[in-house]
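Heads up: the structure comes next, in structure tokens.
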Amino acid sequence: MKLVIVDRDGTLNVEREGYIQTPDDWEPLPGALDAIARLNHAGWQVVIAANMPGLGRGLFDVAALNAIQAKLHKQLAAVGGRVEAMFYCPHAPDEGCACRKPLPGLFVQIGERYKVDLRQVHAVGDSERDVQAAVAAGCVPHLVLTGKGAPARTAPLPPAFAPHTRVHADLAAFATALIAEAEVAPPTSRAA
């Protein structure tokens with residue numbers, strides 16, 4: 001199974017101060033929905049792994065989160081794409097859970113659900129904590145320079161990032177690179 005783990009806010013959609021609380025707040029980043037569709041058409045299944053501290057802080061509820069996800073699914077379907085599932089941490093940062101990125105809990109859940117070797121899974125996000133969670137889980141880490149990743153456009157990556165972190169302008173560039181790599185790599189080899 002070819003599986004990609006994608007962060008949501010700042011990677012797939014515009015990140016908003018105060019969190020995405022309603023479907024009206026959710027706006028895809030340019031090219032992001034098409035990127036997911038291209039990954040799907042190239043045989044990749046896509047899942048989302050996201051911290052949702054707004055739930056833990058009571059800023060929105062699960063019904064609102066489901067409505068936001070419904071909008072995402074509808075817009076993705078319109079361009080021929082889909083997300084298999086969304087795994088999220090509903091806890092506030094001070095709750096001490098094991099699923100909040102940069103901890104690997106969400107990634108471990110994904111690996112168990114899909115019965116995949118996480119070392120074969122590419123994970124992409126826009127922040128240091130996304131990359132740290134991917135590395136902690138054993139995934140191939142990717143950083144996009146959108147959302148929180150934008151400051152890295154003008155500087156080398158700080159030492160907190162694993163040296164093998166791959167950097168892409170945005171989710172569309174990530175999809176292009178991953179699809180091209182898969183076309184030239186033998187099916188049994190692990191991407192470096």
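Chain labels A, B, ... are given in the sequence in which chains occur in the structure tokens; within each chain residues are numbered consecutively from 1, and ligands are likewise numbered from 1 in the order shown.
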
Checklist entry - What are the DSSP strand (DSSP E) residues of chain A, as a ChimeraX atom specification? => result /A:2-6,44-51,85-89,122-125,140-144,166-168

Per-residue nearest contacts of range 132-162 of chain A to range 96-103 of chain A (9 Å; only C-alpha atoms) as JSON lines:
{"residue": "A:Gln132", "atom": "CA", "partner": "A:Pro102", "partner_atom": "CA", "distance": 5.3}
{"residue": "A:Ala133", "atom": "CA", "partner": "A:Pro102", "partner_atom": "CA", "distance": 4.3}
{"residue": "A:Ala134", "atom": "CA", "partner": "A:Pro102", "partner_atom": "CA", "distance": 8.1}
{"residue": "A:Ala136", "atom": "CA", "partner": "A:Leu103", "partner_atom": "CA", "distance": 7.0}
{"residue": "A:Ala137", "atom": "CA", "partner": "A:Leu103", "partner_atom": "CA", "distance": 8.3}

Could you please take those selected residues and save N, CA and C atoms as a PDB file, in the first residue's frame?
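To be explicit, this is the file written out as again-v4.pdb:
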ATOM      1  N   GLN A 132       9.009  16.471  13.195  1.00  0.00           N
ATOM      2  CA  GLN A 132       9.484  15.715  14.349  1.00  0.00           C
ATOM      3  C   GLN A 132       8.612  14.479  14.605  1.00  0.00           C
ATOM      4  N   ALA A 133       7.304  14.626  14.468  1.00  0.00           N
ATOM      5  CA  ALA A 133       6.402  13.482  14.657  1.00  0.00           C
ATOM      6  C   ALA A 133       6.659  12.420  13.589  1.00  0.00           C
ATOM      7  N   ALA A 134       6.850  12.853  12.353  1.00  0.00           N
ATOM      8  CA  ALA A 134       7.126  11.915  11.261  1.00  0.00           C
ATOM      9  C   ALA A 134       8.411  11.148  11.526  1.00  0.00           C
ATOM     10  N   ALA A 136       9.925  10.688  14.460  1.00  0.00           N
ATOM     11  CA  ALA A 136       9.749   9.837  15.641  1.00  0.00           C
ATOM     12  C   ALA A 136       9.005   8.544  15.301  1.00  0.00           C
ATOM     13  N   ALA A 137       8.108   8.610  14.320  1.00  0.00           N
ATOM     14  CA  ALA A 137       7.350   7.425  13.909  1.00  0.00           C
ATOM     15  C   ALA A 137       8.097   6.577  12.888  1.00  0.00           C
TER      16      ALA A 137
END

Checklist entry - CA of Ala42 in chain A and CA of Ile110 in chain A are how many Å apart? => result 20.5 Å

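The interatomic distance for the pair CA of Ile68 in chain A and CA of Thr176 in chain A works out to 26.5 Å.
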
Close residues, range 74-90 of chain A itself excluded, 6 Å, only C-alpha atoms, min 4 positions apart in chain, as a CSV table (one decimal) with N, CA, C and O atoms, in the first residue's frame:
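Result went into out-v9.csv, see below:
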chain,number,residue,atom,x,y,z
A,33,LEU,N,-5.6,20.8,-3.4
A,33,LEU,CA,-6.6,19.8,-3.7
A,33,LEU,C,-6.2,19.0,-5.0
A,33,LEU,O,-6.4,17.8,-5.0
A,36,ILE,N,-3.6,16.4,-4.0
A,36,ILE,CA,-4.1,15.2,-3.4
A,36,ILE,C,-4.7,14.3,-4.5
A,36,ILE,O,-4.5,13.1,-4.6
A,37,ALA,N,-5.5,14.9,-5.5
A,37,ALA,CA,-6.0,14.2,-6.6
A,37,ALA,C,-5.0,13.5,-7.4
A,37,ALA,O,-5.1,12.3,-7.8
A,46,VAL,N,-4.3,8.8,0.8
A,46,VAL,CA,-3.9,9.9,1.6
A,46,VAL,C,-4.7,10.0,2.9
A,46,VAL,O,-5.9,9.8,2.9
A,47,VAL,N,-4.1,10.2,4.0
A,47,VAL,CA,-4.7,10.4,5.3
A,47,VAL,C,-4.2,11.7,5.9
A,47,VAL,O,-3.1,12.1,5.6
A,48,ILE,N,-5.0,12.3,6.7
A,48,ILE,CA,-4.6,13.5,7.4
A,48,ILE,C,-4.3,13.2,8.9
A,48,ILE,O,-5.0,12.4,9.5
A,49,ALA,N,-3.3,13.8,9.4
A,49,ALA,CA,-2.9,13.7,10.8
A,49,ALA,C,-2.8,15.2,11.3
A,49,ALA,O,-1.9,15.9,10.8
A,50,ALA,N,-3.6,15.6,12.2
A,50,ALA,CA,-3.6,17.0,12.6
A,50,ALA,C,-3.9,17.2,14.1
A,50,ALA,O,-4.7,16.4,14.7
A,51,ASN,N,-3.2,18.1,14.7
A,51,ASN,CA,-3.5,18.6,16.0
A,51,ASN,C,-4.8,19.4,16.0
A,51,ASN,O,-4.8,20.3,15.1
A,52,MET,N,-5.7,19.2,16.8
A,52,MET,CA,-7.0,20.0,16.9
A,52,MET,C,-7.2,20.6,18.3
A,52,MET,O,-8.1,20.2,19.0
A,53,PRO,N,-6.2,21.4,18.8
A,53,PRO,CA,-6.4,21.9,20.1
A,53,PRO,C,-7.6,22.8,20.4
A,53,PRO,O,-8.0,22.9,21.5
A,55,LEU,N,-10.5,21.9,19.8
A,55,LEU,CA,-11.5,21.0,20.4
A,55,LEU,C,-11.3,21.0,21.9
A,55,LEU,O,-12.2,21.1,22.7
A,56,GLY,N,-10.1,20.7,22.3
A,56,GLY,CA,-9.7,20.7,23.8
A,56,GLY,C,-10.0,22.0,24.5
A,56,GLY,O,-10.2,21.9,25.7
A,99,CYS,N,-0.8,11.7,21.7
A,99,CYS,CA,-1.1,11.8,20.3
A,99,CYS,C,-0.8,13.2,19.7
A,99,CYS,O,-0.8,13.3,18.4
A,100,ARG,N,-0.5,14.2,20.5
A,100,ARG,CA,-0.2,15.5,20.0
A,100,ARG,C,1.1,15.6,19.3
A,100,ARG,O,2.1,15.3,20.0

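Take the candidates A:Leu171, A:Pro141, A:Pro30, A:Ala67 and check each one against Leu118 in chain A using only C-alpha atoms; the shortest distance goes to A:Pro141.
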
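Nearest residue to Gly58 in chain A, choosing from A:His122, A:Arg166, A:His73, A:His91 and counting only C-alpha atoms: A:His91.
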
Next on the checklist: Report, in Å to a single decimal, how far apart CA of Val116 in chain A and CA of His142 in chain A are.
Outcome noted: 18.4 Å

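Distance annotation: of A:Leu106, A:Leu59, A:Val184, A:Val167, the residue with the minimal separation from Val124 in chain A is A:Val167; atom set is only C-alpha atoms.
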
Next on the checklist: Just want the 9 Å neighbourhood of Glu128 in chain A, counted on only C-alpha atoms, with same-chain residues fewer than 5 positions away dropped. Output as a PyMOL selection string.
Outcome noted: chain A and resi 102+133+143+148-149+160-161

Item to check | Test item: residues at most 6 Å from range 8-22 of chain A, only C-alpha atoms, excluding those fewer than 6 positions along its chain, as a ChimeraX atom specification | outcome: /A:28-29,32,50,60,64,125-126,146-147
